[in-house]
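Novice: This is the structure I want to talk about, given as structure tokens.
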Amino acid sequence: MENSVTFPPFPTLSVKTQNNKEMEIHFGQLIKDEFDRQGRRATWLAAELNCNRSNIYSIFQRENIDAQMLIKISQALEHNFFQDVANLLDNKKCLTIDDKEPKKLLQTVQNLDTEKF
């Protein structure tokens with residue numbers, strides 16, 4: 001029996017840089033950057049995610065993405081996007097998160113660092 005874990009959708013992450021300017025993490029862009037780096041085609045990822053090709057382009061445009069979908073994309077591309085986010089957060093001085101339970105969300109992301117996809 002396979003373990004099933006349910007995660008809440010990611011909130012918008014706002015990170016303040018050293019010069020106090022805010023930077024938002026755009027999840028769709030993170031995914032597209034890795035997708036392009038691997039030289040994949042939208043039809044391939046659509047087949048992996050069991051969706052239409054147009055949905056893939058929609059994912060690339062999203063600032064936020066459901067955690068379950070991010071897990072599926074991470075598995076398909078064999079890339080840990082949760083680690084990417086954790087690395088971005090580690091490199092910043094000040095972090096604000098638009099969510100009711102930021103500590104729980106951050107702990108979830110940090111715990112995923114130890115899991116293999």
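Ordering of the structure tokens sets the chain letters (A, B, ...), residue numbers begin anew at 1 in every chain, and ligands are numbered from 1 in the order given.
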Can you tell me, as JSON, numbers by chain, which residues in region 28-81 of chain A count as helix (DSSP H, G or I) by DSSP?
Specialist: {"A": [28, 29, 30, 31, 32, 33, 34, 35, 36, 37, 38, 42, 43, 44, 45, 46, 47, 48, 49, 53, 54, 55, 56, 57, 58, 59, 60, 61, 67, 68, 69, 70, 71, 72, 73, 74, 75, 76, 77, 81]}
Novice: Check the smallest atom-to-atom distance from each of A:Leu30, A:Ser58, A:Glu63, A:Ala47 to His79 (chain A) using only C-alpha atoms, then report the winner.
Specialist: A:Leu30
Novice: Of the residues A:His26, A:Phe82, A:Ile59, A:Ile71, which is the one nearest to Ala46 (chain A), using only C-alpha atoms?
Specialist: A:Ile59
Novice: Using only C-alpha atoms, which residues sit within 12 Å of Asn55 (chain A) once same-chain residues fewer than 2 positions away are excluded, as a VMD selection string?
Specialist: chain A and resid 28 42 to 43 45 to 47 49 to 53 57 to 62 69
Novice: Save out the residues we just selected, C-alpha atoms, as a PDB file, in the first residue's frame.
Specialist:
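This is the output file out-v2.pdb:
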```
ATOM      1  CA  GLY A  28       5.261  28.235 -12.859  1.00  0.00           C
ATOM      2  CA  ALA A  42       4.705  19.911 -23.483  1.00  0.00           C
ATOM      3  CA  THR A  43       3.107  16.781 -24.962  1.00  0.00           C
ATOM      4  CA  LEU A  45       4.747  16.346 -19.633  1.00  0.00           C
ATOM      5  CA  ALA A  46       1.009  16.306 -20.413  1.00  0.00           C
ATOM      6  CA  ALA A  47       1.189  12.533 -20.891  1.00  0.00           C
ATOM      7  CA  LEU A  49       0.560  14.218 -15.728  1.00  0.00           C
ATOM      8  CA  ASN A  50      -2.410  12.725 -17.608  1.00  0.00           C
ATOM      9  CA  CYS A  51      -3.709  16.100 -18.783  1.00  0.00           C
ATOM     10  CA  ASN A  52      -4.013  18.193 -21.953  1.00  0.00           C
ATOM     11  CA  ARG A  53      -1.030  19.995 -23.448  1.00  0.00           C
ATOM     12  CA  TYR A  57       1.201  26.006 -20.614  1.00  0.00           C
ATOM     13  CA  SER A  58      -1.308  27.094 -17.973  1.00  0.00           C
ATOM     14  CA  ILE A  59       0.933  25.646 -15.247  1.00  0.00           C
ATOM     15  CA  PHE A  60       3.871  27.712 -16.535  1.00  0.00           C
ATOM     16  CA  GLN A  61       1.784  30.883 -16.097  1.00  0.00           C
ATOM     17  CA  ARG A  62       0.768  30.195 -12.496  1.00  0.00           C
ATOM     18  CA  MET A  69       0.537  18.996  -8.418  1.00  0.00           C
TER      19      MET A  69
END
```
Novice: Work out how far CA of Val85 (chain A) is from CA of Asp33 (chain A), in Å to one decimal.
Specialist: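 We find that CA of Asp33 (chain A) and CA of Val85 (chain A) lie 13.4 Å from each other.
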Novice: May I ask for the distance between CA of Leu88 (chain A) and CA of Ile56 (chain A), given in Å to one decimal place?
Specialist: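 Spanning CA of Leu88 (chain A) to CA of Ile56 (chain A) is a straight-line distance of 23.7 Å.
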Novice: Kindly give the distance, in Å, that separates CA of Gln38 (chain A) and CA of Phe81 (chain A), rounded to a single decimal.
Specialist: 14.1 Å
